[in-house]
Each structure stands twice: as structure tokens, then as C-alpha cells.
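Student: Provided herewith is a single structure, encoded as C-alpha cells, for subsequent inquiry.
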Amino acid sequence: MVLNPQKMISNKALTVWRISGIIKSLIGWAVTGTALFLLHIFDLPFWISMILIVLGVLFPILDIFVIPMLRWRSYRYEVREEEMELKEGIFTKTRTLVPMIRVQHVDTNQGPLLRKYKLASVVVHTAATAHIIPALEEEEAEELRFFISKLARAAEDDV
């Protein structure tokens, strides 16, 4: 029997990711505006300007509305006694199992946007890589960090 992870990240992640999309879009529009200005100055073909304008409209719609919702819907996690399972991906679905015996340490991260919305990400480090559970409520993230750390110590003691 294959168990799918059931726990979801906070729905406040949508707001944080949308604000991040707005910031990226503003930067993109500044670059696009500069490029359009230079295209006009150097009298380059009109079709290049049209492509830039279409991309300047399309990418913000994707970054602000579509991708955050798809990303939030697709992310699931589960922490069990023996392992942690992560399921993510919009187009390419990835399922990762991290054995507790492999966990070296666990962190919580908070950037300015996450802090404003009282969210934190849990980062589980192994010798090979780091696995992130993004945008959990602060209390939940702290509890999960301690819980994973406790399970990792117990798994290490059993060896």
C-alpha cells in the first residue's frame, strides 16, 4: 500500500508567493521598459517590441495568479517515525523520501515576507542535500523542527 503525504502548507503561502510575483513583475517591467526605449532609440523592428510587450503581460499573470495556486495545491508533506516524505511539482511531480537516519540537522528560515505573515520554512539537511518544507505557520514550523530533530536523534541511537 502506497501512502501519499497528506499535510498541506499554510494558505498564507499564496499571498507571500503572489507578492513575490508582483516584485518580480515590477523588476521585469522595468527591464522591459528599458529594452523598449532602447529599441525605439535604435529604430529596431516593431515585432521585437510586440514580443516584449506580450511577455511583459503574460509572465506577471503566470507569476502572480497561476503558478502560486498550482504550487500550493501540489505541495504535500508527511513526517513519519522512520522517514519524511515530500511531494511537489506542477508539471513534473517529485516525491522524495528522506530517511530519519540520514538527517544531520534541521533549520527554520524566515525572509522578510514570511516573517510579515508569521510563516517559516523548515529545512532538513542531509549529507547530500537540503529538503525544504515551505511556508508553514511559525509555531507549526518550530514544532516540526523539534519533532524531526527528535526523530533523527532516535533513529541515530537505534543504529
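Labels for the C-alpha cells follow display order: chains A, B, ..., residues from 1 in each chain, ligands from 1.
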Using the chain letters and numbers from this document, which residues of segment 2-107 of chain A does DSSP assign to strand (DSSP E), as a list in words?
Tutor: Arg76, Tyr77, Glu78, Val79, Glu83, Met84, Glu85, Leu86, Lys87, Glu88, Thr94, Arg95, Thr96, Leu97, Val98, Pro99, Val103, Gln104, His105, Val106 and Asp107 of chain A
Student: Against segment 6-12 of chain A, which residues of segment 72-100 of chain A fall within 7 Å? For each one I want the closest pair of atoms and the distance in Å (one decimal), counting only C-alpha atoms, rows by chain and increasing residue number, as a tab-separated table.
Tutor:
residue	atom	partner	partner_atom	distance
A:Tyr75	CA	A:Met8	CA	6.5
A:Arg76	CA	A:Met8	CA	5.0
A:Tyr77	CA	A:Lys7	CA	5.2
A:Glu78	CA	A:Lys7	CA	5.9
Student: With only C-alpha atoms as the atoms that count, which of A:Ala155, A:Ile67, A:Glu142, A:Phe59 lies nearest to Arg102 of chain A?
Tutor: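 Smallest separation from Arg102 of chain A among the options: A:Ala155.
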Student: As an NGL selection string, please: the residues near Thr129 of chain A (cut-off 12 Å, only C-alpha atoms, same-chain neighbours under 5 positions excluded).
Tutor: :A and (96 or 98 or 102-106 or 123-124)
Student: Include C-alpha atoms and write out the residues we just selected as a short mmCIF file (atom, residue, chain, number, x, y, z; two decimals), in the first residue's frame.
Tutor:
data_model
loop_
_atom_site.label_atom_id
_atom_site.label_comp_id
_atom_site.auth_asym_id
_atom_site.auth_seq_id
_atom_site.Cartn_x
_atom_site.Cartn_y
_atom_site.Cartn_z
CA THR A 96 11.09 12.43 -2.03
CA VAL A 98 14.19 11.22 3.46
CA ARG A 102 20.14 10.49 7.15
CA VAL A 103 19.04 13.75 8.78
CA GLN A 104 22.01 15.76 10.07
CA HIS A 105 20.29 18.93 11.26
CA VAL A 106 17.06 20.89 10.87
CA VAL A 123 14.94 22.98 6.05
CA VAL A 124 16.04 19.39 6.65
#
Student: Would you please work out which residue, of A:Val79, A:Ile101, A:Val16, A:Leu26, is nearest to Ile133 of chain A when using only C-alpha atoms?
Tutor: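 Of A:Val79, A:Ile101, A:Val16, A:Leu26, the one nearest Ile133 of chain A is A:Val79, counting only C-alpha atoms.
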Student: Please identify all polymer residues within 7 Å of segment 46-58 of chain A, counting only C-alpha atoms, omitting same-chain residues fewer than 6 positions from it, and present them as an mmCIF file with N, CA and C atoms, in the first residue's frame.
Tutor:
data_model
loop_
_atom_site.group_PDB
_atom_site.id
_atom_site.type_symbol
_atom_site.label_atom_id
_atom_site.label_comp_id
_atom_site.auth_asym_id
_atom_site.auth_seq_id
_atom_site.Cartn_x
_atom_site.Cartn_y
_atom_site.Cartn_z
ATOM 1 N N TRP A 29 9.093 44.528 -15.598
ATOM 2 C CA TRP A 29 8.558 45.657 -16.362
ATOM 3 C C TRP A 29 9.598 46.763 -16.514
ATOM 4 N N THR A 32 11.857 45.526 -19.196
ATOM 5 C CA THR A 32 11.140 45.576 -20.478
ATOM 6 C C THR A 32 10.997 47.010 -20.959
ATOM 7 N N LEU A 36 12.377 48.436 -24.406
ATOM 8 C CA LEU A 36 11.501 49.082 -25.393
ATOM 9 C C LEU A 36 12.029 50.472 -25.759
#
Student: Taking only C-alpha atoms into account, which of A:Ala130, A:Ala135, A:Ile148, A:Ile23 comes nearest Met84 of chain A?
Tutor: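 Closest candidate: A:Ile148.
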Student: Excluding Asp158 of chain A and its own-chain neighbours fewer than 4 positions away, which residues fall within 12 Å of it when counting only C-alpha atoms? Please give them as an mmCIF file with C-alpha atoms, in the first residue's frame.
Tutor:
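Saved the output as part_34.cif:
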data_model
loop_
_atom_site.group_PDB
_atom_site.id
_atom_site.type_symbol
_atom_site.label_atom_id
_atom_site.label_comp_id
_atom_site.auth_asym_id
_atom_site.auth_seq_id
_atom_site.Cartn_x
_atom_site.Cartn_y
_atom_site.Cartn_z
ATOM 1 C CA GLU A 82 11.142 6.368 10.021
ATOM 2 C CA MET A 100 15.415 9.936 9.507
ATOM 3 C CA ILE A 101 18.750 8.162 9.878
ATOM 4 C CA LEU A 151 13.138 11.525 15.408
ATOM 5 C CA ALA A 152 16.576 11.878 13.789
ATOM 6 C CA ARG A 153 18.304 11.502 17.184
ATOM 7 C CA ALA A 154 16.166 8.448 17.977
#
Student: Please, what distance in Å, to one decimal, runs between atom CA of Glu139 of chain A and atom CA of Leu119 of chain A?
Tutor: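 Atom CA of Leu119 of chain A lies 8.5 Å from atom CA of Glu139 of chain A.
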Student: I need the residues in segment 24-119 of chain A that are alpha helix (DSSP H) according to DSSP; give them as a PyMOL selection string.
Tutor: chain A and resi 24-41+46-61+67-74+112-116
Student: With distances taken over only C-alpha atoms, which residue among A:His131, A:Lys118, A:His125, A:Lys24 lies nearest Lys87 of chain A?
Tutor: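 Nearest candidate to Lys87 of chain A out of A:His131, A:Lys118, A:His125, A:Lys24: A:His131.
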Student: Tell me, as a VMD selection string, which residues lie within 10 Å of Phe91 of chain A, counting only C-alpha atoms; anything in the same chain fewer than 6 positions away does not count.
Tutor: chain A and resid 70 to 71 74
Student: Could you jot down the atom CA of Leu97 of chain A to atom CA of Ala128 of chain A separation for me, Å, one decimal place?
Tutor: 13.2 Å
Student: Find the residue from A:Ala13, A:Ile41, A:Arg115, A:Val31 that sits nearest to Arg73 of chain A; use only C-alpha atoms when measuring.
Tutor: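 So, comparing all the options, the nearest one is A:Ala13.
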Student: For Leu14 of chain A, which residue among A:Glu83, A:Asp63, A:Asp43, A:Glu140 is the nearest when counting only C-alpha atoms?
Tutor: A:Asp63
